[in-house]
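Peer 1: Below is input_38.pdb; it holds PDB, C-alpha atoms and all ligand atoms.
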```pdb
MODEL        1
ATOM      1  CA  MET A  73      25.463-125.434  87.172  1.00  0.00           C
ATOM      2  CA  LYS A  74      27.289-123.224  84.683  1.00  0.00           C
ATOM      3  CA  PHE A  75      25.888-120.590  82.366  1.00  0.00           C
ATOM      4  CA  LEU A  76      26.703-118.777  79.187  1.00  0.00           C
ATOM      5  CA  VAL A  77      24.914-115.438  79.127  1.00  0.00           C
ATOM      6  CA  ASP A  78      24.650-113.523  75.901  1.00  0.00           C
ATOM      7  CA  GLN A  79      25.710-109.906  75.572  1.00  0.00           C
ATOM      8  CA  MET A  80      22.191-108.433  75.800  1.00  0.00           C
ATOM      9  CA  LEU A  81      21.914-109.634  79.400  1.00  0.00           C
ATOM     10  CA  GLY A  82      24.988-108.078  81.012  1.00  0.00           C
ATOM     11  CA  THR A  83      23.412-107.147  84.346  1.00  0.00           C
ATOM     12  CA  LEU A  84      22.070-110.645  84.770  1.00  0.00           C
ATOM     13  CA  ALA A  85      25.530-112.081  84.067  1.00  0.00           C
ATOM     14  CA  LYS A  86      27.052-109.815  86.698  1.00  0.00           C
ATOM     15  CA  TRP A  87      24.476-110.901  89.279  1.00  0.00           C
ATOM     16  CA  LEU A  88      24.998-114.580  88.588  1.00  0.00           C
ATOM     17  CA  ARG A  89      28.696-114.013  89.226  1.00  0.00           C
ATOM     18  CA  PHE A  90      27.860-112.141  92.443  1.00  0.00           C
ATOM     19  CA  CYS A  91      26.097-115.350  93.498  1.00  0.00           C
ATOM     20  CA  GLY A  92      29.319-117.265  92.876  1.00  0.00           C
ATOM     21  CA  ILE A  93      27.934-119.030  89.819  1.00  0.00           C
ATOM     22  CA  ASP A  94      30.324-119.812  86.971  1.00  0.00           C
ATOM     23  CA  THR A  95      29.068-117.503  84.218  1.00  0.00           C
ATOM     24  CA  PHE A  96      30.637-116.974  80.820  1.00  0.00           C
ATOM     25  CA  TYR A  97      29.580-113.590  79.487  1.00  0.00           C
ATOM     26  CA  ALA A  98      29.527-113.272  75.722  1.00  0.00           C
ATOM     27  CA  THR A  99      30.871-109.995  74.457  1.00  0.00           C
ATOM     28  CA  GLN A 100      29.777-108.599  71.118  1.00  0.00           C
ATOM     29  CA  SER A 101      32.865-109.834  69.325  1.00  0.00           C
ATOM     30  CA  ILE A 102      31.996-113.506  69.785  1.00  0.00           C
ATOM     31  CA  GLN A 103      30.048-115.074  66.937  1.00  0.00           C
ATOM     32  CA  ASP A 104      26.936-117.178  67.569  1.00  0.00           C
ATOM     33  CA  ASP A 105      28.693-120.277  66.240  1.00  0.00           C
ATOM     34  CA  LYS A 106      31.385-119.859  68.848  1.00  0.00           C
ATOM     35  CA  LEU A 107      28.808-119.334  71.631  1.00  0.00           C
ATOM     36  CA  LEU A 108      27.098-122.579  70.738  1.00  0.00           C
ATOM     37  CA  GLU A 109      30.432-124.363  70.630  1.00  0.00           C
ATOM     38  CA  ILE A 110      31.441-123.071  74.078  1.00  0.00           C
ATOM     39  CA  SER A 111      28.039-123.964  75.577  1.00  0.00           C
ATOM     40  CA  LYS A 112      28.301-127.476  74.241  1.00  0.00           C
ATOM     41  CA  LYS A 113      31.954-128.051  75.103  1.00  0.00           C
ATOM     42  CA  GLU A 114      31.822-126.581  78.612  1.00  0.00           C
ATOM     43  CA  ASN A 115      28.340-127.887  79.344  1.00  0.00           C
ATOM     44  CA  ARG A 116      26.947-124.410  79.967  1.00  0.00           C
ATOM     45  CA  ILE A 117      23.272-123.539  79.922  1.00  0.00           C
ATOM     46  CA  LEU A 118      22.729-120.828  77.331  1.00  0.00           C
ATOM     47  CA  VAL A 119      20.824-117.798  78.596  1.00  0.00           C
ATOM     48  CA  THR A 120      19.621-115.545  75.803  1.00  0.00           C
ATOM     49  CA  ARG A 121      16.732-113.576  74.335  1.00  0.00           C
ATOM     50  CA  ASP A 122      17.919-114.115  70.765  1.00  0.00           C
ATOM     51  CA  LYS A 123      15.215-116.245  69.142  1.00  0.00           C
ATOM     52  CA  GLU A 124      17.415-117.466  66.327  1.00  0.00           C
ATOM     53  CA  LEU A 125      20.125-118.507  68.760  1.00  0.00           C
ATOM     54  CA  ILE A 126      17.555-120.332  70.926  1.00  0.00           C
ATOM     55  CA  LEU A 127      16.421-122.396  67.930  1.00  0.00           C
ATOM     56  CA  ARG A 128      19.961-123.186  66.858  1.00  0.00           C
ATOM     57  CA  ALA A 129      20.913-124.270  70.390  1.00  0.00           C
ATOM     58  CA  GLN A 130      17.882-126.523  70.693  1.00  0.00           C
ATOM     59  CA  LYS A 131      18.842-128.253  67.457  1.00  0.00           C
ATOM     60  CA  LYS A 132      22.255-128.988  68.912  1.00  0.00           C
ATOM     61  CA  ASP A 133      20.795-130.314  72.189  1.00  0.00           C
ATOM     62  CA  ILE A 134      22.177-127.436  74.200  1.00  0.00           C
ATOM     63  CA  ARG A 135      20.126-126.487  77.245  1.00  0.00           C
ATOM     64  CA  VAL A 136      18.668-123.009  76.833  1.00  0.00           C
ATOM     65  CA  ILE A 137      16.876-120.671  79.188  1.00  0.00           C
ATOM     66  CA  PRO A 138      15.078-118.036  77.119  1.00  0.00           C
ATOM     67  CA  VAL A 139      14.904-114.732  79.005  1.00  0.00           C
ATOM     68  CA  PHE A 140      12.715-112.051  77.435  1.00  0.00           C
ATOM     69  CA  THR A 141      11.850-109.931  80.464  1.00  0.00           C
ATOM     70  CA  ARG A 142      13.908-106.805  81.161  1.00  0.00           C
ATOM     71  CA  ASP A 143      13.215-106.995  84.897  1.00  0.00           C
ATOM     72  CA  LEU A 144      16.313-108.216  86.742  1.00  0.00           C
ATOM     73  CA  ASP A 145      14.409-109.968  89.551  1.00  0.00           C
ATOM     74  CA  GLU A 146      12.305-111.851  87.026  1.00  0.00           C
ATOM     75  CA  GLN A 147      15.436-112.748  85.063  1.00  0.00           C
ATOM     76  CA  LEU A 148      17.150-114.119  88.165  1.00  0.00           C
ATOM     77  CA  ASN A 149      14.040-116.025  89.193  1.00  0.00           C
ATOM     78  CA  LYS A 150      13.819-117.633  85.800  1.00  0.00           C
ATOM     79  CA  VAL A 151      17.488-118.603  85.581  1.00  0.00           C
ATOM     80  CA  LEU A 152      17.821-119.733  89.195  1.00  0.00           C
ATOM     81  CA  ASP A 153      14.572-121.688  89.191  1.00  0.00           C
ATOM     82  CA  ASN A 154      15.326-125.158  90.616  1.00  0.00           C
ATOM     83  CA  THR A 155      18.728-123.945  91.780  1.00  0.00           C
ATOM     84  CA  THR A 156      19.555-123.172  95.368  1.00  0.00           C
ATOM     85  CA  VAL A 157      22.127-120.446  95.645  1.00  0.00           C
ATOM     86  CA  ASP A 158      24.849-121.422  98.065  1.00  0.00           C
ATOM     87  CA  THR A 159      25.075-118.255 100.154  1.00  0.00           C
ATOM     88  CA  THR A 160      28.619-119.140 101.229  1.00  0.00           C
ATOM     89  CA  GLN A 161      29.604-118.660  97.588  1.00  0.00           C
ATOM     90  CA  ILE A 162      28.306-115.110  97.323  1.00  0.00           C
ATOM     91  CA  LEU A 163      31.163-112.796  96.344  1.00  0.00           C
ATOM     92  CA  SER A 164      33.484-115.729  95.675  1.00  0.00           C
ATOM     93  CA  ARG A 165      33.883-114.832  92.010  1.00  0.00           C
ATOM     94  CA  CYS A 166      34.921-111.690  90.145  1.00  0.00           C
ATOM     95  CA  SER A 167      31.903-109.898  88.657  1.00  0.00           C
ATOM     96  CA  LEU A 168      34.054-108.513  85.847  1.00  0.00           C
ATOM     97  CA  CYS A 169      35.895-111.592  84.628  1.00  0.00           C
ATOM     98  CA  ASN A 170      34.407-114.671  86.392  1.00  0.00           C
ATOM     99  CA  THR A 171      37.691-115.640  88.104  1.00  0.00           C
ATOM    100  CA  LYS A 172      37.593-117.149  91.606  1.00  0.00           C
ATOM    101  CA  LEU A 173      38.628-114.568  94.197  1.00  0.00           C
ATOM    102  CA  ILE A 174      41.445-115.114  96.672  1.00  0.00           C
ATOM    103  CA  SER A 175      41.812-113.488 100.064  1.00  0.00           C
ATOM    104  CA  ILE A 176      44.341-110.722 100.454  1.00  0.00           C
ATOM    105  CA  ASP A 177      45.987-109.198 103.518  1.00  0.00           C
ATOM    106  CA  ARG A 178      44.247-106.096 104.763  1.00  0.00           C
ATOM    107  CA  GLU A 179      47.553-104.222 104.818  1.00  0.00           C
ATOM    108  CA  GLN A 180      48.049-104.856 101.130  1.00  0.00           C
ATOM    109  CA  VAL A 181      44.875-103.041 100.113  1.00  0.00           C
ATOM    110  CA  LYS A 182      45.429-100.028 102.331  1.00  0.00           C
ATOM    111  CA  ASP A 183      46.287 -97.649  99.476  1.00  0.00           C
ATOM    112  CA  LYS A 184      43.961 -99.285  96.983  1.00  0.00           C
ATOM    113  CA  VAL A 185      40.547 -98.858  98.597  1.00  0.00           C
ATOM    114  CA  PRO A 186      38.767 -95.784 100.022  1.00  0.00           C
ATOM    115  CA  LYS A 187      39.896 -94.960 103.544  1.00  0.00           C
ATOM    116  CA  ASN A 188      36.501 -95.570 105.172  1.00  0.00           C
ATOM    117  CA  VAL A 189      36.299 -98.962 103.460  1.00  0.00           C
ATOM    118  CA  TYR A 190      39.718 -99.868 104.799  1.00  0.00           C
ATOM    119  CA  GLN A 191      38.762 -98.723 108.288  1.00  0.00           C
ATOM    120  CA  THR A 192      35.438-100.530 108.463  1.00  0.00           C
ATOM    121  CA  ASN A 193      36.395-103.867 106.883  1.00  0.00           C
ATOM    122  CA  GLU A 194      38.585-106.663 108.178  1.00  0.00           C
ATOM    123  CA  THR A 195      38.511-108.995 105.227  1.00  0.00           C
ATOM    124  CA  PHE A 196      39.334-108.356 101.600  1.00  0.00           C
ATOM    125  CA  TRP A 197      39.557-110.415  98.436  1.00  0.00           C
ATOM    126  CA  ILE A 198      41.262-109.791  95.138  1.00  0.00           C
ATOM    127  CA  CYS A 199      40.723-111.110  91.644  1.00  0.00           C
ATOM    128  CA  PRO A 200      44.001-112.765  90.614  1.00  0.00           C
ATOM    129  CA  ASN A 201      43.169-112.028  86.985  1.00  0.00           C
ATOM    130  CA  CYS A 202      42.024-108.381  86.807  1.00  0.00           C
ATOM    131  CA  HIS A 203      43.101-107.317  90.323  1.00  0.00           C
ATOM    132  CA  LYS A 204      39.744-105.841  91.334  1.00  0.00           C
ATOM    133  CA  ILE A 205      39.450-105.728  95.129  1.00  0.00           C
ATOM    134  CA  TYR A 206      36.319-106.902  96.939  1.00  0.00           C
ATOM    135  CA  TRP A 207      34.950-106.539 100.442  1.00  0.00           C
ATOM    136  CA  LYS A 208      31.623-107.219 102.133  1.00  0.00           C
ATOM    137  CA  GLY A 209      30.277-103.690 101.823  1.00  0.00           C
ATOM    138  CA  SER A 210      26.707-102.512 101.403  1.00  0.00           C
ATOM    139  CA  HIS A 211      26.649-104.324  98.099  1.00  0.00           C
ATOM    140  CA  TYR A 212      27.053-107.623  99.914  1.00  0.00           C
ATOM    141  CA  ASP A 213      23.936-106.976 102.017  1.00  0.00           C
ATOM    142  CA  GLU A 214      22.024-105.974  98.914  1.00  0.00           C
ATOM    143  CA  ILE A 215      23.018-109.236  97.204  1.00  0.00           C
ATOM    144  CA  ILE A 216      22.052-111.339 100.222  1.00  0.00           C
ATOM    145  CA  GLN A 217      18.678-109.569 100.422  1.00  0.00           C
ATOM    146  CA  LYS A 218      17.954-110.123  96.758  1.00  0.00           C
ATOM    147  CA  ILE A 219      18.953-113.777  96.813  1.00  0.00           C
ATOM    148  CA  LYS A 220      16.816-114.393  99.893  1.00  0.00           C
ATOM    149  CA  SER A 221      13.822-112.743  98.283  1.00  0.00           C
ATOM    150  CA  LEU A 222      14.273-114.950  95.207  1.00  0.00           C
ATOM    151  CA  ASN A 223      14.531-118.198  97.114  1.00  0.00           C
ATOM    152  CA  GLN A 224      11.256-117.702  98.950  1.00  0.00           C
TER
HETATM  153 ZN    ZN A 301      38.465-110.154  87.671  1.00  0.00          ZN
ENDMDL
END
```
Would you mind giving the structure from this file in structure tokens?
Peer 2:
Amino acid sequence: MKFLVDQMLGTLAKWLRFCGIDTFYATQSIQDDKLLEISKKENRILVTRDKELILRAQKKDIRVIPVFTRDLDEQLNKVLDNTTVDTTQILSRCSLCNTKLISIDREQVKDKVPKNVYQTNETFWICPNCHKIYWKGSHYDEIIQKIKSLNQ
């Protein structure tokens, strides 16, 4: 399942990526026409609160999930309804640019992460596109907790 999340729902897009879900995030510079085209071409479910865009998508037979709530948990519940998050995929994708992460030698991140992070973690990943470094810190536990609470 792949999504295209519109620019008003940035936090939701980030969380879907945390879950390892392929999520295209629409920045302001992309026109609605283009968003519809990408959704159709890449078979992405459009996630938006833009009523006009919802109507236009429906006319083009693009699957849409309208999200009007501002509550993140409710947003995630709505979007991930009928979807089981594969917990092995959590933190497998860059939250900034959606690229699949690759593992990186611990030695190579030594000067690039805070010292305590380096000392307390064995495994690190890097985004081959934007070079952001990831590790299973407190954020990882928070993500796992949230996903578990959603799947109940
Ligand atoms: Zn990245």
Peer 1: Collect all residues with atoms no farther than 12 Å from ligand ZN 301 (chain A), counting all atoms listed in the file, and output them as a ChimeraX atom specification.
Peer 2: /A:86,89-90,163-174,197-206
Peer 1: If you apply the PyMOL selection byres (((chain A and resi 138) around 10) and not hetatm) to this file, what residues do you get, as a list in words?
Peer 2: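 In the shown coordinates, the PyMOL selection byres (((chain A and resi 138) around 10) and not hetatm) covers Leu118, Val119, Thr120, Arg121, Asp122, Lys123, Leu125, Ile126, Arg135, Val136, Ile137, Val139, Phe140, Thr141, Gln147, Lys150 and Val151 of chain A.
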Peer 1: Which polymer residues have any atom within 12 Å of an atom of Lys112 (chain A), counting only C-alpha atoms, with same-chain residues fewer than 3 positions away left out, as a count of residues only?
Peer 2: 21
Peer 1: Here is a test: counting only C-alpha atoms, which residue of A:Glu114, A:Ile162, A:Gly209, A:Leu144 is nearest to Asn188 (chain A)?
Peer 2: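 The answer is A:Gly209, which sits nearest to Asn188 (chain A).
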Peer 1: Which residues would end up in the selection if the PyMOL selection byres (((chain A and resi 193) around 12) and not hetatm) were applied here, given that I need the answer as a PDB file with C-alpha atoms, keeping the file's coordinate frame?
Peer 2:
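Full text of out_25.pdb as output:
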```pdb
ATOM      1  CA  ASP A 177      45.987-109.198 103.518  1.00  0.00           C
ATOM      2  CA  ARG A 178      44.247-106.096 104.763  1.00  0.00           C
ATOM      3  CA  GLU A 179      47.553-104.222 104.818  1.00  0.00           C
ATOM      4  CA  VAL A 181      44.875-103.041 100.113  1.00  0.00           C
ATOM      5  CA  LYS A 182      45.429-100.028 102.331  1.00  0.00           C
ATOM      6  CA  VAL A 185      40.547 -98.858  98.597  1.00  0.00           C
ATOM      7  CA  PRO A 186      38.767 -95.784 100.022  1.00  0.00           C
ATOM      8  CA  LYS A 187      39.896 -94.960 103.544  1.00  0.00           C
ATOM      9  CA  ASN A 188      36.501 -95.570 105.172  1.00  0.00           C
ATOM     10  CA  VAL A 189      36.299 -98.962 103.460  1.00  0.00           C
ATOM     11  CA  TYR A 190      39.718 -99.868 104.799  1.00  0.00           C
ATOM     12  CA  GLN A 191      38.762 -98.723 108.288  1.00  0.00           C
ATOM     13  CA  THR A 192      35.438-100.530 108.463  1.00  0.00           C
ATOM     14  CA  GLU A 194      38.585-106.663 108.178  1.00  0.00           C
ATOM     15  CA  THR A 195      38.511-108.995 105.227  1.00  0.00           C
ATOM     16  CA  PHE A 196      39.334-108.356 101.600  1.00  0.00           C
ATOM     17  CA  TRP A 197      39.557-110.415  98.436  1.00  0.00           C
ATOM     18  CA  TYR A 206      36.319-106.902  96.939  1.00  0.00           C
ATOM     19  CA  TRP A 207      34.950-106.539 100.442  1.00  0.00           C
ATOM     20  CA  LYS A 208      31.623-107.219 102.133  1.00  0.00           C
ATOM     21  CA  GLY A 209      30.277-103.690 101.823  1.00  0.00           C
ATOM     22  CA  SER A 210      26.707-102.512 101.403  1.00  0.00           C
TER      23      SER A 210
END
```
Peer 1: What is the CA of Arg142 (chain A) to CA of Gln100 (chain A) distance in Å?
Peer 2: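 Atom-to-atom, CA of Arg142 (chain A) and CA of Gln100 (chain A) are spaced 18.9 Å apart.
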Peer 1: In Å to one decimal, how far is CA of Ala85 (chain A) from CA of Ala98 (chain A)?
Peer 2: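 For CA of Ala98 (chain A) relative to CA of Ala85 (chain A), the distance reads 9.3 Å.
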Peer 1: Sorted by chain and rising residue number, which residues of region 93-169 of chain A lie within 9 Å of region 216-221 of chain A, and what are their closest atom pairs and distances in Å to one decimal, counting only C-alpha atoms, as JSON lines?
Peer 2:
```
{"residue": "A:Asp145", "atom": "CA", "partner": "A:Lys218", "partner_atom": "CA", "distance": 8.0}
{"residue": "A:Leu148", "atom": "CA", "partner": "A:Ile219", "partner_atom": "CA", "distance": 8.8}
{"residue": "A:Val157", "atom": "CA", "partner": "A:Ile219", "partner_atom": "CA", "distance": 7.5}
{"residue": "A:Thr159", "atom": "CA", "partner": "A:Ile216", "partner_atom": "CA", "distance": 7.5}
{"residue": "A:Ile162", "atom": "CA", "partner": "A:Ile216", "partner_atom": "CA", "distance": 7.9}
```
Peer 1: Counting all atoms listed in the file, figure out which residue out of A:Trp87, A:His211, A:Val77, A:Glu124 gets nearest to Ile102 (chain A).
Peer 2: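 Looking only at the distances to Ile102 (chain A), the closest residue turns out to be A:Val77.
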Peer 1: Which residue, A:Leu81, A:Leu222, A:Leu152, A:Leu127, has the smallest gap to Ile93 (chain A) when you use only C-alpha atoms?
Peer 2: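 Of all the options, A:Leu152 lies closest to Ile93 (chain A).
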Peer 1: Nearest residue to Gly92 (chain A) out of A:Asp158, A:Asp183, A:Glu214, A:Asp78, using only C-alpha atoms?
Peer 2: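 Under the stated criterion, the closest residue is A:Asp158.
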Peer 1: Which value, in Å to one decimal, gives the distance between CA of Thr83 (chain A) and CA of Asp213 (chain A)?
Peer 2: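 CA of Asp213 (chain A) lies at a distance of 17.7 Å from CA of Thr83 (chain A).
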Peer 1: Tell me which of A:Gln103, A:Ser111, A:Tyr212, A:Met73 sits closest to Asn154 (chain A), counting all atoms listed in the file.
Peer 2: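 Of the candidates, the smallest distance to Asn154 (chain A) is held by A:Met73.
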